[in-house]
file final-v2.cif (mmCIF, N, CA and C atoms)
data_my_file
loop_
_atom_site.label_atom_id
_atom_site.label_comp_id
_atom_site.auth_asym_id
_atom_site.auth_seq_id
_atom_site.Cartn_x
_atom_site.Cartn_y
_atom_site.Cartn_z
N MET A 3 -62.73 146.58 81.59
CA MET A 3 -62.00 145.76 80.65
C MET A 3 -60.91 146.56 79.96
N LYS A 4 -61.23 147.81 79.64
CA LYS A 4 -60.26 148.65 78.97
C LYS A 4 -59.07 148.92 79.89
N LYS A 5 -59.36 149.12 81.19
CA LYS A 5 -58.28 149.35 82.15
C LYS A 5 -57.36 148.14 82.26
N LEU A 6 -57.94 146.95 82.22
CA LEU A 6 -57.15 145.73 82.29
C LEU A 6 -56.20 145.64 81.10
N GLY A 7 -56.67 145.99 79.93
CA GLY A 7 -55.81 145.98 78.74
C GLY A 7 -54.67 146.96 78.85
N VAL A 8 -54.95 148.14 79.41
CA VAL A 8 -53.91 149.15 79.59
C VAL A 8 -52.88 148.67 80.62
N VAL A 9 -53.34 148.08 81.72
CA VAL A 9 -52.44 147.57 82.75
C VAL A 9 -51.54 146.47 82.19
N ILE A 10 -52.10 145.55 81.45
CA ILE A 10 -51.31 144.47 80.86
C ILE A 10 -50.28 145.03 79.88
N SER A 11 -50.68 146.00 79.08
CA SER A 11 -49.75 146.62 78.12
C SER A 11 -48.59 147.29 78.83
N VAL A 12 -48.88 147.99 79.91
CA VAL A 12 -47.83 148.68 80.68
C VAL A 12 -46.89 147.65 81.31
N LEU A 13 -47.44 146.59 81.87
CA LEU A 13 -46.60 145.57 82.50
C LEU A 13 -45.70 144.87 81.48
N LEU A 14 -46.23 144.57 80.31
CA LEU A 14 -45.42 143.93 79.29
C LEU A 14 -44.32 144.86 78.78
N ALA A 15 -44.62 146.13 78.66
CA ALA A 15 -43.62 147.10 78.21
C ALA A 15 -42.55 147.32 79.26
N ALA A 16 -42.88 147.14 80.53
CA ALA A 16 -41.94 147.40 81.61
C ALA A 16 -41.01 146.22 81.90
N THR A 17 -41.34 145.04 81.41
CA THR A 17 -40.48 143.89 81.68
C THR A 17 -39.23 143.98 80.83
N PRO A 18 -38.07 143.63 81.40
CA PRO A 18 -36.83 143.74 80.64
C PRO A 18 -36.79 142.71 79.52
N ALA A 19 -36.18 143.09 78.43
CA ALA A 19 -36.01 142.17 77.30
C ALA A 19 -34.99 141.11 77.68
N ALA A 20 -35.12 139.95 77.11
CA ALA A 20 -34.16 138.88 77.37
C ALA A 20 -32.82 139.27 76.72
N ALA A 21 -31.88 139.63 77.56
CA ALA A 21 -30.58 140.09 77.07
C ALA A 21 -29.65 138.90 76.88
N ILE A 22 -28.79 139.00 75.90
CA ILE A 22 -27.81 137.95 75.65
C ILE A 22 -26.61 138.18 76.56
N SER A 23 -26.10 137.12 77.16
CA SER A 23 -24.97 137.23 78.08
C SER A 23 -23.69 137.53 77.33
N ARG A 24 -22.84 138.35 77.95
CA ARG A 24 -21.52 138.66 77.42
C ARG A 24 -20.50 138.12 78.40
N LEU A 25 -19.72 137.15 77.97
CA LEU A 25 -18.80 136.44 78.85
C LEU A 25 -17.39 136.44 78.28
N SER A 26 -16.41 136.18 79.15
CA SER A 26 -15.03 136.01 78.71
C SER A 26 -14.69 134.53 78.75
N PRO A 27 -14.33 133.93 77.62
CA PRO A 27 -14.01 132.50 77.62
C PRO A 27 -12.67 132.20 78.30
N LEU A 28 -11.82 133.22 78.46
CA LEU A 28 -10.50 133.00 79.05
C LEU A 28 -10.58 132.68 80.54
N GLY A 29 -11.69 133.01 81.17
CA GLY A 29 -11.89 132.69 82.57
C GLY A 29 -12.64 131.39 82.79
N MET A 30 -12.91 130.67 81.70
CA MET A 30 -13.68 129.42 81.78
C MET A 30 -12.89 128.27 81.18
N THR A 31 -13.24 127.07 81.61
CA THR A 31 -12.73 125.89 80.91
C THR A 31 -13.58 125.69 79.66
N CYS A 32 -13.14 124.83 78.78
CA CYS A 32 -13.89 124.54 77.56
C CYS A 32 -15.28 124.00 77.91
N ASP A 33 -15.34 123.10 78.86
CA ASP A 33 -16.64 122.53 79.25
C ASP A 33 -17.58 123.60 79.81
N GLN A 34 -17.06 124.55 80.57
CA GLN A 34 -17.90 125.62 81.12
C GLN A 34 -18.40 126.54 80.00
N ALA A 35 -17.55 126.85 79.04
CA ALA A 35 -17.95 127.70 77.92
C ALA A 35 -19.05 127.03 77.10
N ARG A 36 -18.86 125.75 76.81
CA ARG A 36 -19.86 125.02 76.04
C ARG A 36 -21.17 124.88 76.83
N ALA A 37 -21.07 124.70 78.15
CA ALA A 37 -22.28 124.60 78.99
C ALA A 37 -23.04 125.93 79.00
N ALA A 38 -22.32 127.06 79.04
CA ALA A 38 -22.98 128.36 79.02
C ALA A 38 -23.76 128.55 77.73
N ILE A 39 -23.16 128.16 76.61
CA ILE A 39 -23.85 128.26 75.32
C ILE A 39 -25.07 127.34 75.31
N HIS A 40 -24.88 126.12 75.77
CA HIS A 40 -25.98 125.15 75.75
C HIS A 40 -27.13 125.60 76.64
N ASP A 41 -26.82 126.11 77.83
CA ASP A 41 -27.86 126.52 78.76
C ASP A 41 -28.63 127.75 78.30
N GLN A 42 -27.93 128.71 77.69
CA GLN A 42 -28.56 129.98 77.32
C GLN A 42 -28.99 130.03 75.85
N GLY A 43 -28.52 129.11 75.06
CA GLY A 43 -28.88 129.11 73.64
C GLY A 43 -27.95 129.94 72.79
N ALA A 44 -27.59 131.12 73.27
CA ALA A 44 -26.66 132.00 72.56
C ALA A 44 -25.97 132.92 73.56
N VAL A 45 -24.69 133.12 73.39
CA VAL A 45 -23.91 134.04 74.23
C VAL A 45 -22.93 134.80 73.34
N ILE A 46 -22.44 135.92 73.86
CA ILE A 46 -21.37 136.65 73.20
C ILE A 46 -20.12 136.45 74.03
N PHE A 47 -19.07 135.93 73.41
CA PHE A 47 -17.78 135.78 74.07
C PHE A 47 -16.88 136.91 73.60
N ARG A 48 -16.19 137.54 74.56
CA ARG A 48 -15.22 138.60 74.26
C ARG A 48 -13.87 138.20 74.83
N TRP A 49 -12.83 138.40 74.05
CA TRP A 49 -11.48 138.13 74.52
C TRP A 49 -10.52 139.03 73.77
N THR A 50 -9.24 139.04 74.19
CA THR A 50 -8.22 139.87 73.56
C THR A 50 -7.33 138.98 72.71
N SER A 51 -7.06 139.42 71.50
CA SER A 51 -6.20 138.66 70.60
C SER A 51 -4.75 138.74 71.08
N PRO A 52 -3.87 137.87 70.58
CA PRO A 52 -2.46 137.95 70.95
C PRO A 52 -1.82 139.30 70.60
N ARG A 53 -2.39 140.01 69.62
CA ARG A 53 -1.87 141.34 69.26
C ARG A 53 -2.50 142.45 70.08
N GLY A 54 -3.37 142.10 71.04
CA GLY A 54 -3.96 143.08 71.92
C GLY A 54 -5.26 143.68 71.45
N LEU A 55 -5.82 143.16 70.37
CA LEU A 55 -7.08 143.69 69.84
C LEU A 55 -8.26 142.97 70.47
N PRO A 56 -9.33 143.69 70.77
CA PRO A 56 -10.53 143.03 71.32
C PRO A 56 -11.25 142.24 70.23
N LEU A 57 -11.62 141.02 70.54
CA LEU A 57 -12.37 140.15 69.64
C LEU A 57 -13.65 139.73 70.34
N TYR A 58 -14.70 139.56 69.55
CA TYR A 58 -15.96 139.07 70.10
C TYR A 58 -16.76 138.44 68.98
N ASP A 59 -17.65 137.55 69.36
CA ASP A 59 -18.57 136.94 68.41
C ASP A 59 -19.71 136.31 69.18
N ARG A 60 -20.77 136.02 68.47
CA ARG A 60 -21.96 135.40 69.06
C ARG A 60 -21.88 133.91 68.77
N PHE A 61 -22.01 133.10 69.81
CA PHE A 61 -21.93 131.66 69.70
C PHE A 61 -23.26 131.05 70.11
N VAL A 62 -23.65 129.98 69.42
CA VAL A 62 -25.00 129.44 69.56
C VAL A 62 -25.00 127.94 69.83
N ARG A 63 -26.15 127.46 70.33
CA ARG A 63 -26.32 126.03 70.58
C ARG A 63 -26.52 125.24 69.29
N ASN A 64 -27.30 125.80 68.36
CA ASN A 64 -27.55 125.14 67.07
C ASN A 64 -28.08 126.17 66.08
N SER A 65 -28.41 125.74 64.89
CA SER A 65 -28.84 126.66 63.82
C SER A 65 -30.15 127.38 64.11
N ARG A 66 -30.94 126.86 65.02
CA ARG A 66 -32.20 127.53 65.35
C ARG A 66 -31.99 128.89 66.00
N TYR A 67 -30.79 129.17 66.49
CA TYR A 67 -30.47 130.46 67.09
C TYR A 67 -29.83 131.41 66.07
N CYS A 68 -29.76 131.01 64.81
CA CYS A 68 -29.21 131.83 63.73
C CYS A 68 -30.34 132.43 62.91
N ASP A 69 -30.00 133.43 62.08
CA ASP A 69 -30.97 134.00 61.15
C ASP A 69 -31.32 132.97 60.08
N ALA A 70 -32.34 133.26 59.31
CA ALA A 70 -32.84 132.32 58.29
C ALA A 70 -31.80 132.02 57.21
N ASN A 71 -30.91 132.96 56.92
CA ASN A 71 -29.90 132.74 55.89
C ASN A 71 -28.56 132.31 56.47
N GLU A 72 -28.57 131.78 57.70
CA GLU A 72 -27.34 131.34 58.37
C GLU A 72 -27.51 129.92 58.91
N TYR A 73 -26.40 129.29 59.21
CA TYR A 73 -26.39 127.98 59.84
C TYR A 73 -25.27 127.95 60.88
N ALA A 74 -25.31 127.01 61.80
CA ALA A 74 -24.30 126.90 62.86
C ALA A 74 -23.09 126.15 62.33
N GLU A 75 -21.93 126.79 62.44
CA GLU A 75 -20.66 126.21 61.96
C GLU A 75 -19.66 126.21 63.10
N TRP A 76 -18.76 125.24 63.08
CA TRP A 76 -17.76 125.09 64.13
C TRP A 76 -16.67 126.15 64.03
N LYS A 77 -16.22 126.62 65.21
CA LYS A 77 -15.12 127.57 65.31
C LYS A 77 -14.42 127.32 66.63
N ARG A 78 -13.12 127.49 66.66
CA ARG A 78 -12.37 127.30 67.91
C ARG A 78 -12.12 128.65 68.56
N ILE A 79 -12.35 128.70 69.88
CA ILE A 79 -12.08 129.91 70.66
C ILE A 79 -11.12 129.56 71.79
N PRO A 80 -10.36 130.54 72.28
CA PRO A 80 -9.45 130.26 73.40
C PRO A 80 -10.23 130.19 74.72
N THR A 81 -9.91 129.19 75.53
CA THR A 81 -10.46 129.11 76.88
C THR A 81 -9.28 128.92 77.84
N ARG A 82 -9.59 128.83 79.11
CA ARG A 82 -8.54 128.73 80.12
C ARG A 82 -7.66 127.50 79.94
N ASN A 83 -8.24 126.38 79.51
CA ASN A 83 -7.46 125.15 79.47
C ASN A 83 -7.12 124.64 78.07
N GLN A 84 -7.79 125.14 77.02
CA GLN A 84 -7.52 124.63 75.67
C GLN A 84 -8.26 125.46 74.63
N SER A 85 -7.98 125.19 73.37
CA SER A 85 -8.75 125.75 72.27
C SER A 85 -10.04 124.95 72.18
N CYS A 86 -11.16 125.64 72.20
CA CYS A 86 -12.45 124.97 72.40
C CYS A 86 -13.34 125.07 71.16
N PRO A 87 -13.87 123.94 70.67
CA PRO A 87 -14.79 123.98 69.53
C PRO A 87 -16.21 124.37 69.97
N VAL A 88 -16.71 125.44 69.37
CA VAL A 88 -18.07 125.92 69.64
C VAL A 88 -18.71 126.28 68.30
N LEU A 89 -19.98 126.63 68.32
CA LEU A 89 -20.71 126.95 67.10
C LEU A 89 -21.01 128.44 67.01
N PHE A 90 -20.88 128.99 65.81
CA PHE A 90 -21.28 130.37 65.54
C PHE A 90 -22.10 130.39 64.26
N CYS A 91 -22.78 131.48 64.00
CA CYS A 91 -23.64 131.58 62.81
C CYS A 91 -22.84 132.02 61.60
N GLU A 92 -22.92 131.23 60.55
CA GLU A 92 -22.21 131.48 59.30
C GLU A 92 -23.23 131.64 58.18
N ASN A 93 -22.98 132.54 57.26
CA ASN A 93 -23.88 132.78 56.14
C ASN A 93 -23.87 131.59 55.19
N VAL A 94 -25.03 131.22 54.67
CA VAL A 94 -25.12 130.06 53.77
C VAL A 94 -24.34 130.28 52.47
N ASP A 95 -24.02 131.52 52.13
CA ASP A 95 -23.21 131.79 50.94
C ASP A 95 -21.81 131.18 51.05
N ARG A 96 -21.37 130.88 52.26
CA ARG A 96 -20.04 130.29 52.48
C ARG A 96 -19.99 128.80 52.18
N LEU A 97 -21.11 128.20 51.81
CA LEU A 97 -21.14 126.76 51.55
C LEU A 97 -20.52 126.39 50.21
N ASP A 98 -20.20 127.37 49.37
CA ASP A 98 -19.53 127.14 48.09
C ASP A 98 -20.22 126.10 47.22
N GLY A 99 -21.49 126.27 46.98
CA GLY A 99 -22.22 125.38 46.08
C GLY A 99 -22.72 124.10 46.70
N ASN A 100 -22.38 123.83 47.94
CA ASN A 100 -22.87 122.64 48.63
C ASN A 100 -24.33 122.89 49.02
N PHE A 101 -25.23 122.05 48.57
CA PHE A 101 -26.66 122.27 48.82
C PHE A 101 -27.14 121.65 50.12
N ILE A 102 -26.28 120.93 50.80
CA ILE A 102 -26.65 120.33 52.10
C ILE A 102 -26.13 121.22 53.21
N ILE A 103 -27.06 121.77 53.98
CA ILE A 103 -26.69 122.64 55.08
C ILE A 103 -26.42 121.76 56.31
N PRO A 104 -25.24 121.90 56.93
CA PRO A 104 -24.93 121.09 58.11
C PRO A 104 -25.91 121.36 59.25
N ASP A 105 -26.22 120.34 60.01
CA ASP A 105 -27.10 120.47 61.19
C ASP A 105 -26.28 120.21 62.44
N ASN A 106 -25.34 121.12 62.73
CA ASN A 106 -24.47 120.98 63.88
C ASN A 106 -25.18 121.41 65.14
N SER A 107 -24.84 120.79 66.27
CA SER A 107 -25.45 121.11 67.54
C SER A 107 -24.47 120.80 68.66
N LEU A 108 -24.50 121.63 69.72
CA LEU A 108 -23.67 121.35 70.90
C LEU A 108 -24.31 120.26 71.73
#

call {"tool": "encode", "arguments": {"input": "final-v2.cif", "output": "structure tokens"}}
result
Amino acid sequence: MKKLGVVISVLLAATPAAAISRLSPLGMTCDQARAAIHDQGAVIFRWTSPRGLPLYDRFVRNSRYCDANEYAEWKRIPTRNQSCPVLFCENVDRLDGNFIIPDNSL
């Protein structure tokens, strides 16, 4: 029995952690970018700003993929065909006294 516990512990430690995908939205249409977020729950999009600076952020399906003090808020990102509305995690302090937390979802 003790050996079984050791084997299970080793197997669990050896399995890879669920990594978050890092994607470029400029190679996708808006629908593809939104589908990637919806399918995976959360992704990191990286792109280059018009001034040549690297930009990235974590985008989510809904508030359940955010920390306890955050909620899902709309943000537009560049994609191959248009500026695309997606959700990212925003701190509740940004609500400016509004006590109703939005329940946005893709």

call {"tool": "atom_distance", "arguments": {"input": "final-v2.cif", "atom1": "atom C of His40 in chain A", "atom2": "CA of Leu55 in chain A"}}
result
27.8 Å

call {"tool": "atom_distance", "arguments": {"input": "final-v2.cif", "atom1": "atom C of Val94 in chain A", "atom2": "atom N of Asn71 in chain A"}}
result
8.4 Å

call {"tool": "residues_near_point", "arguments": {"input": "final-v2.cif", "point": "(-27.1, 121.1, 73.0)", "cutoff": "7 Å", "atoms": "all atoms listed in the file", "output": "list in words"}}
result
Ile39, His40, Asp41, Arg63, Asn64, Ser107 and Leu108 of chain A

call {"tool": "resolve_selection", "arguments": {"input": "final-v2.cif", "expression": "the PyMOL selection byres ((chain A and resi 65) around 8)", "output": "ChimeraX atom specification"}}
result
/A:62-64,66-70,72-75,90-91,104-108

call {"tool": "closest_residue", "arguments": {"input": "final-v2.cif", "among": "A:Gly54, A:Lys77, A:Gln84, A:Phe47", "to": "Thr31 in chain A", "atoms": "only N, CA and C atoms"}}
result
A:Gln84

call {"tool": "atom_distance", "arguments": {"input": "final-v2.cif", "atom1": "CA of Leu25 in chain A", "atom2": "atom N of Arg48 in chain A"}}
result
5.1 Å

call {"tool": "select_by_dssp", "arguments": {"input": "final-v2.cif", "residues": "range 21-54 of chain A", "states": "strand (DSSP E)", "output": "list in words"}}
result
Ser23, Arg24, Leu25, Ala44, Val45, Ile46, Phe47, Arg48, Trp49 and Thr50 of chain A

call {"tool": "select_by_dssp", "arguments": {"input": "final-v2.cif", "residues": "chain A", "states": "helix (DSSP H, G or I)", "output": "CSV table (one decimal) with N, CA and C atoms, in the frame of the given file"}}
result
chain,number,residue,atom,x,y,z
A,4,LYS,N,-61.2,147.8,79.6
A,4,LYS,CA,-60.3,148.6,79.0
A,4,LYS,C,-59.1,148.9,79.9
A,5,LYS,N,-59.4,149.1,81.2
A,5,LYS,CA,-58.3,149.4,82.2
A,5,LYS,C,-57.4,148.1,82.3
A,6,LEU,N,-57.9,147.0,82.2
A,6,LEU,CA,-57.2,145.7,82.3
A,6,LEU,C,-56.2,145.6,81.1
A,7,GLY,N,-56.7,146.0,79.9
A,7,GLY,CA,-55.8,146.0,78.7
A,7,GLY,C,-54.7,147.0,78.8
A,8,VAL,N,-55.0,148.1,79.4
A,8,VAL,CA,-53.9,149.2,79.6
A,8,VAL,C,-52.9,148.7,80.6
A,9,VAL,N,-53.3,148.1,81.7
A,9,VAL,CA,-52.4,147.6,82.8
A,9,VAL,C,-51.5,146.5,82.2
A,10,ILE,N,-52.1,145.6,81.4
A,10,ILE,CA,-51.3,144.5,80.9
A,10,ILE,C,-50.3,145.0,79.9
A,11,SER,N,-50.7,146.0,79.1
A,11,SER,CA,-49.8,146.6,78.1
A,11,SER,C,-48.6,147.3,78.8
A,12,VAL,N,-48.9,148.0,79.9
A,12,VAL,CA,-47.8,148.7,80.7
A,12,VAL,C,-46.9,147.6,81.3
A,13,LEU,N,-47.4,146.6,81.9
A,13,LEU,CA,-46.6,145.6,82.5
A,13,LEU,C,-45.7,144.9,81.5
A,14,LEU,N,-46.2,144.6,80.3
A,14,LEU,CA,-45.4,143.9,79.3
A,14,LEU,C,-44.3,144.9,78.8
A,15,ALA,N,-44.6,146.1,78.7
A,15,ALA,CA,-43.6,147.1,78.2
A,15,ALA,C,-42.6,147.3,79.3
A,16,ALA,N,-42.9,147.1,80.5
A,16,ALA,CA,-41.9,147.4,81.6
A,16,ALA,C,-41.0,146.2,81.9
A,27,PRO,N,-14.3,133.9,77.6
A,27,PRO,CA,-14.0,132.5,77.6
A,27,PRO,C,-12.7,132.2,78.3
A,28,LEU,N,-11.8,133.2,78.5
A,28,LEU,CA,-10.5,133.0,79.0
A,28,LEU,C,-10.6,132.7,80.5
A,29,GLY,N,-11.7,133.0,81.2
A,29,GLY,CA,-11.9,132.7,82.6
A,29,GLY,C,-12.6,131.4,82.8
A,32,CYS,N,-13.1,124.8,78.8
A,32,CYS,CA,-13.9,124.5,77.6
A,32,CYS,C,-15.3,124.0,77.9
A,33,ASP,N,-15.3,123.1,78.9
A,33,ASP,CA,-16.6,122.5,79.2
A,33,ASP,C,-17.6,123.6,79.8
A,34,GLN,N,-17.1,124.6,80.6
A,34,GLN,CA,-17.9,125.6,81.1
A,34,GLN,C,-18.4,126.5,80.0
A,35,ALA,N,-17.6,126.8,79.0
A,35,ALA,CA,-18.0,127.7,77.9
A,35,ALA,C,-19.0,127.0,77.1
A,36,ARG,N,-18.9,125.8,76.8
A,36,ARG,CA,-19.9,125.0,76.0
A,36,ARG,C,-21.2,124.9,76.8
A,37,ALA,N,-21.1,124.7,78.2
A,37,ALA,CA,-22.3,124.6,79.0
A,37,ALA,C,-23.0,125.9,79.0
A,38,ALA,N,-22.3,127.1,79.0
A,38,ALA,CA,-23.0,128.4,79.0
A,38,ALA,C,-23.8,128.6,77.7
A,39,ILE,N,-23.2,128.2,76.6
A,39,ILE,CA,-23.8,128.3,75.3
A,39,ILE,C,-25.1,127.3,75.3
A,40,HIS,N,-24.9,126.1,75.8
A,40,HIS,CA,-26.0,125.2,75.8
A,40,HIS,C,-27.1,125.6,76.6
A,41,ASP,N,-26.8,126.1,77.8
A,41,ASP,CA,-27.9,126.5,78.8
A,41,ASP,C,-28.6,127.8,78.3
A,42,GLN,N,-27.9,128.7,77.7
A,42,GLN,CA,-28.6,130.0,77.3
A,42,GLN,C,-29.0,130.0,75.8
A,65,SER,N,-28.4,125.7,64.9
A,65,SER,CA,-28.8,126.7,63.8
A,65,SER,C,-30.2,127.4,64.1
A,66,ARG,N,-30.9,126.9,65.0
A,66,ARG,CA,-32.2,127.5,65.4
A,66,ARG,C,-32.0,128.9,66.0
A,67,TYR,N,-30.8,129.2,66.5
A,67,TYR,CA,-30.5,130.5,67.1
A,67,TYR,C,-29.8,131.4,66.1
A,94,VAL,N,-25.0,131.2,54.7
A,94,VAL,CA,-25.1,130.1,53.8
A,94,VAL,C,-24.3,130.3,52.5
A,95,ASP,N,-24.0,131.5,52.1
A,95,ASP,CA,-23.2,131.8,50.9
A,95,ASP,C,-21.8,131.2,51.0
A,96,ARG,N,-21.4,130.9,52.3
A,96,ARG,CA,-20.0,130.3,52.5
A,96,ARG,C,-20.0,128.8,52.2
A,97,LEU,N,-21.1,128.2,51.8
A,97,LEU,CA,-21.1,126.8,51.6
A,97,LEU,C,-20.5,126.4,50.2

call {"tool": "resolve_selection", "arguments": {"input": "final-v2.cif", "expression": "the PyMOL selection byres ((chain A and resi 83) around 6)", "output": "VMD selection string"}}
result
chain A and resid 30 to 32 81 to 82 84 to 85

call {"tool": "resolve_selection", "arguments": {"input": "final-v2.cif", "expression": "the PyMOL selection byres (((chain A and resi 58 and name CA) around 8) and name CA)", "output": "ChimeraX atom specification"}}
result
/A:46-49,56-57,59-60

call {"tool": "write_last_selection", "arguments": {"input": "final-v2.cif", "atoms": "N, CA and C atoms", "output": "mmCIF file, in the coordinates of the input"}}
result
data_model
loop_
_atom_site.group_PDB
_atom_site.id
_atom_site.type_symbol
_atom_site.label_atom_id
_atom_site.label_comp_id
_atom_site.auth_asym_id
_atom_site.auth_seq_id
_atom_site.Cartn_x
_atom_site.Cartn_y
_atom_site.Cartn_z
ATOM 1 N N ILE A 46 -22.440 135.920 73.860
ATOM 2 C CA ILE A 46 -21.370 136.650 73.200
ATOM 3 C C ILE A 46 -20.120 136.450 74.030
ATOM 4 N N PHE A 47 -19.070 135.930 73.410
ATOM 5 C CA PHE A 47 -17.780 135.780 74.070
ATOM 6 C C PHE A 47 -16.880 136.910 73.600
ATOM 7 N N ARG A 48 -16.190 137.540 74.560
ATOM 8 C CA ARG A 48 -15.220 138.600 74.260
ATOM 9 C C ARG A 48 -13.870 138.200 74.830
ATOM 10 N N TRP A 49 -12.830 138.400 74.050
ATOM 11 C CA TRP A 49 -11.480 138.130 74.520
ATOM 12 C C TRP A 49 -10.520 139.030 73.770
ATOM 13 N N PRO A 56 -9.330 143.690 70.770
ATOM 14 C CA PRO A 56 -10.530 143.030 71.320
ATOM 15 C C PRO A 56 -11.250 142.240 70.230
ATOM 16 N N LEU A 57 -11.620 141.020 70.540
ATOM 17 C CA LEU A 57 -12.370 140.150 69.640
ATOM 18 C C LEU A 57 -13.650 139.730 70.340
ATOM 19 N N ASP A 59 -17.650 137.550 69.360
ATOM 20 C CA ASP A 59 -18.570 136.940 68.410
ATOM 21 C C ASP A 59 -19.710 136.310 69.180
ATOM 22 N N ARG A 60 -20.770 136.020 68.470
ATOM 23 C CA ARG A 60 -21.960 135.400 69.060
ATOM 24 C C ARG A 60 -21.880 133.910 68.770
#

call {"tool": "closest_residue", "arguments": {"input": "final-v2.cif", "among": "A:Leu89, A:Arg96, A:Ala38, A:Arg24", "to": "Phe61 in chain A", "atoms": "only C-alpha atoms"}}
result
A:Leu89

call {"tool": "closest_residue", "arguments": {"input": "final-v2.cif", "among": "A:Pro52, A:Leu97, A:Ile79, A:Val88", "to": "Arg36 in chain A", "atoms": "only N, CA and C atoms"}}
result
A:Val88
